[in-house]
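Participant: Here's a structure for you.
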Amino acid sequence: MKTQIITLLSQALHNLDITFDTDKIQVSQTNDVKNGDFACTIALQLSKILQKNPREIAENLLSEIHTCIKKSENTAIEKIEIAGPGFLNFFISKQYYTNSLQTFLHAGENIGKTQRLTNKVFIAEHTDPNLFKEIHIGHVMTNVIGESFYRLAQFAGATVKNVTFQGDVGMHIAKALWGIQNIGEELPLQKTPYEKQKFLGKCYVFGEKHFSENINNAKNEITQINKEIYTIVTNPESNPDLAKIYTMGCKWSLEYLETIYEILGSKFDHYFLESSTFTDGERIVKENTAPKGKKVFSQPEKAIIFEGEKFGYHTRVFINSEGLPTYEAKDIGLFYKKWEKYNPDYSLTITGGDQKEYFTIVKEAAGLINPEWKAKTMHRAHGILKLKTGKMSSRTGGIIRAQEWIDEAKENVFQKMESQENSSLSDFSHTEKTNIAQNIAMSAIKYSILKVSAGKDIVYDEKVALDFSGNTGPYLLYSYVRANSILNKIENLSDITTSLSARNADITVLEKKFAQFESVLEISLETLSSHNLANYLYDIASEFSSFYAHTKIADTTNPDYEYNIAIISVFKNIMKNGLYCLGIKTVENM
RNA sequence: GCUCGCGUAGCUCAGCUGGAUAGAGCGGCACCCUUCUAAGGUGAUGGCCAUAGGUUCGAAUCCUAUCGCGGGUACCA
């Protein structure tokens, strides 16, 4: 409809011999019924250029628009008014809304899916845990944001690849290995994957503490272990004892990670490991180091560096003075691997905000090696999930484990479910209720992350996990459950909604918002801001709740019965697909 | 120091390619279950949009400066 109005306006402008760039015509959907359905500021924009009173311009435009409408036999626009300083307010006919509702209904469960990125390969890299270390709430944040973009790209028709880059070599591993050797505790061989992971995390913290405070010569020993790890991955025989605990630890971590990915709802197409990228990274960096090669990097002393100052950034080390590749070189290796494996059109990486400049610099260097790497890579830095005490760090052990956060939320939801009166869940088994509780808890966690614009810090306090009313994930799920519950009671649903006649009562705000769904999905992906989608879904859930409270929907005596059912049906599909794009799984009962 | 980002209601945040009276949620106040799930709905209250200038018919939005907070700043990731 918006484009129709713009076409109409540009036609009218043309007829009046006014030159104005069509792209600059501003038409927006209004929030207040009295301002019509769409408003245009064209007369205000023109007043500067034409040196005329905006209302006068609006009058002239209006009569020309009417002429154009008559010629084109356009019936969708019912009325146009001039308001305020010179707004043109367009009122749309009921029949138009009936037709579009019918279209949305026809789209069914595919509503929101487009072909925009067909034949494009889109990689989403996120979560990026370090083996041996604990998975904390910061990882959840990266995961939730990344998963959302993965799904948005999927809805846009792209060939999507969900990947993660796991750190299995480097100082953190050395610290953990040293910790295992020196902590003086028995290995939890018979324990659960979670207990094993906790043990590894504890060893890491132990090693880190001894390293940073250099207790018992730990610094030298750990540095030595770090060097050996790089050898072990290609030749385990170089240090069989160390290789044994290294392999064991990696296995434990990977096993546990699978369980947490399962809970988070992420399925990865590929797991990149640092151990398999550092060789390529190292090679490529050396090939491009002055005096030979492309001279991307230089080696003024022992370390190989990238002089970022030339690009307005700062210098970063790619291969350290020990001759070992840093994370920077591993990332170069990752660029290489991604292109070798997928040759993506879009390669998105999600990290914390503290890596914003780091990533920009590595991307800059990568672009000098292969321009495509830079051109097709996007980076979304998100804020830090902070404790009130400050930035959380797994180095110091001051972390909140992802598992604990989720378990706590799940337990809270379960309690809430049990305390509900008139619960529809009374016949459900404990397992079924637990599953529902988990979905609701995850919706609360995911939505609390996605509803604010990525890039901003989230200050975590206990309430985040406890908050289930208002602008929250459970509120959205609840609206879905209520809509679903109504539709389940309708027997001949498809018969009712095949051919609608115009609504007798006024057009609802809810159905006006349906038309925005597709563009919200598009904007969310293009601007890498899922909070647009999150806020949109809250908006329609809120409209739905109000509609629900004021209208008896399943009332067959209501002349708008069929129309109302159609609205609810479309709402349900939009909510389901919208939540899917946020990585939130719907529940049928709660 | 340099550099990037942020500062909107008591709290947490939307709104920022300039447009009609700056919007939500939470908390507090007053109502609503003889209607499909009250994890809900309705109403009232709550704002020098950090500060000071500038551009403009029009600024929370753009520009400049100041203050406050945070990230980054050579061998961590």
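Labels used: A, B, ... for chains in the order of the structure tokens, numbers from 1 for residues in each chain, and numbers from 1 for ligands as shown.
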Would you kindly return, as a PDB file with N, CA and C atoms, in the first residue's frame, each protein, DNA or RNA residue with an atom no farther than 8 Å from any atom of range 243-245 of chain A, considering only C-alpha atoms (C1' of nucleotides) and excluding same-chain residues fewer than 5 positions away?
Facilitator:
```
ATOM      1  N   LEU A 177      45.158 -27.336  31.619  1.00  0.00           N
ATOM      2  CA  LEU A 177      45.939 -28.576  31.702  1.00  0.00           C
ATOM      3  C   LEU A 177      46.865 -28.553  32.912  1.00  0.00           C
ATOM      4  N   ILE A 229      51.219 -27.789  23.301  1.00  0.00           N
ATOM      5  CA  ILE A 229      49.876 -28.088  22.769  1.00  0.00           C
ATOM      6  C   ILE A 229      49.869 -27.990  21.250  1.00  0.00           C
ATOM      7  N   ILE A 232      51.370 -31.081  20.014  1.00  0.00           N
ATOM      8  CA  ILE A 232      50.539 -32.260  20.286  1.00  0.00           C
ATOM      9  C   ILE A 232      49.443 -32.466  19.253  1.00  0.00           C
ATOM     10  N   PRO A 236      50.793 -36.300  18.599  1.00  0.00           N
ATOM     11  CA  PRO A 236      50.518 -36.615  20.005  1.00  0.00           C
ATOM     12  C   PRO A 236      51.685 -37.325  20.687  1.00  0.00           C
ATOM     13  N   GLU A 237      52.501 -37.995  19.901  1.00  0.00           N
ATOM     14  CA  GLU A 237      53.616 -38.749  20.467  1.00  0.00           C
ATOM     15  C   GLU A 237      54.689 -37.854  21.081  1.00  0.00           C
TER      16      GLU A 237
END
```
Participant: Determine which residues of range 295-527 of chain A DSSP labels as strand (DSSP E or B) from the backbone of this structure, then write them out as a PyMOL selection string.
Facilitator: chain A and resi 297-298+304-306+316-319+325+346-352+377-382+385-387+390+393+398+401+454+456+458-459
Participant: Could you tell me which residues of chain A sit within 7 Å of chain B when counting only C-alpha atoms (C1' of nucleotides), and give me the result as a PyMOL selection string?
Facilitator: chain A and resi 84+303+314-317+320-321+327+353-354+357+424+452+468-471+474-475+478+482+486+546+549+552-554
Participant: Please produce an output containing C-alpha atoms for each residue in the selection, written as an mmCIF file, in the first residue's frame.
Facilitator:
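The new file result_28.cif reads:
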```
data_model
loop_
_atom_site.group_PDB
_atom_site.id
_atom_site.type_symbol
_atom_site.label_atom_id
_atom_site.label_comp_id
_atom_site.auth_asym_id
_atom_site.auth_seq_id
_atom_site.Cartn_x
_atom_site.Cartn_y
_atom_site.Cartn_z
ATOM 1 C CA GLY A 84 -1.825 19.829 11.076
ATOM 2 C CA ALA A 303 56.605 -10.857 16.610
ATOM 3 C CA HIS A 314 46.121 0.146 16.584
ATOM 4 C CA THR A 315 48.772 -2.471 16.042
ATOM 5 C CA ARG A 316 47.933 -6.086 16.711
ATOM 6 C CA VAL A 317 50.172 -9.115 17.038
ATOM 7 C CA ASN A 320 53.915 -13.694 18.915
ATOM 8 C CA SER A 321 57.586 -13.575 19.738
ATOM 9 C CA TYR A 327 43.874 -15.449 18.060
ATOM 10 C CA GLY A 353 31.574 -5.555 22.338
ATOM 11 C CA ASP A 354 35.067 -5.737 23.793
ATOM 12 C CA GLU A 357 37.975 -2.916 17.369
ATOM 13 C CA SER A 424 -4.865 -26.243 31.799
ATOM 14 C CA VAL A 452 17.111 -4.496 23.651
ATOM 15 C CA PHE A 468 7.421 -13.311 33.394
ATOM 16 C CA SER A 469 4.903 -10.526 32.991
ATOM 17 C CA GLY A 470 4.782 -7.477 30.803
ATOM 18 C CA ASN A 471 7.213 -7.158 27.939
ATOM 19 C CA PRO A 474 6.358 -15.660 28.377
ATOM 20 C CA TYR A 475 3.912 -12.861 27.601
ATOM 21 C CA TYR A 478 0.925 -16.693 26.387
ATOM 22 C CA ARG A 482 -4.510 -18.123 23.882
ATOM 23 C CA ILE A 486 -9.388 -20.503 20.438
ATOM 24 C CA SER A 546 -6.506 -6.153 24.167
ATOM 25 C CA ALA A 549 -10.161 -9.042 26.347
ATOM 26 C CA LYS A 552 -15.611 -12.776 22.388
ATOM 27 C CA ILE A 553 -13.877 -14.236 19.377
ATOM 28 C CA ALA A 554 -15.436 -17.678 19.206
#
```
Participant: Quick one: residues within 8 Å of Val413 in chain A, only C-alpha atoms (C1' of nucleotides), excluding same-chain residues fewer than 6 positions away - as a PDB file with N, CA and C atoms, in the first residue's frame?
Facilitator:
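Saved as result15.pdb:
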```pdb
ATOM      1  N   ALA A 437       8.073 -25.943  30.891  1.00  0.00           N
ATOM      2  CA  ALA A 437       8.795 -24.990  31.750  1.00  0.00           C
ATOM      3  C   ALA A 437      10.114 -24.570  31.099  1.00  0.00           C
ATOM      4  N   GLN A 438      10.791 -25.529  30.500  1.00  0.00           N
ATOM      5  CA  GLN A 438      12.057 -25.197  29.850  1.00  0.00           C
ATOM      6  C   GLN A 438      11.857 -24.242  28.670  1.00  0.00           C
ATOM      7  N   ILE A 440       9.432 -22.134  28.246  1.00  0.00           N
ATOM      8  CA  ILE A 440       9.043 -20.816  28.762  1.00  0.00           C
ATOM      9  C   ILE A 440      10.263 -20.096  29.350  1.00  0.00           C
ATOM     10  N   ALA A 441      11.070 -20.843  30.091  1.00  0.00           N
ATOM     11  CA  ALA A 441      12.276 -20.247  30.680  1.00  0.00           C
ATOM     12  C   ALA A 441      13.210 -19.728  29.593  1.00  0.00           C
TER      13      ALA A 441
END
```
Participant: If I take CA of Ala153 in chain A and CA of Ser347 in chain A, how far is one from the other in Å, to one decimal?
Facilitator: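 That distance, rounded to one decimal, is 11.2 Å.
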Participant: Figure out the distance between CA of Ser501 in chain A and CA of Tyr563 in chain A, please, to one decimal in Å.
Facilitator: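 According to the coordinates, CA of Tyr563 in chain A and CA of Ser501 in chain A are separated by 7.5 Å.
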Participant: To one decimal place, how far is CA of Arg116 in chain A from CA of Leu101 in chain A in Å?
Facilitator: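 That distance, rounded to one decimal, is 22.2 Å.
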Participant: Would you list the contacts of His136 in chain A as a PyMOL selection string, taking every protein, DNA or RNA residue within 8 Å and counting only C-alpha atoms (C1' of nucleotides), but skipping same-chain residues closer than 3 positions in sequence?
Facilitator: chain A and resi 139-140+394+399-403
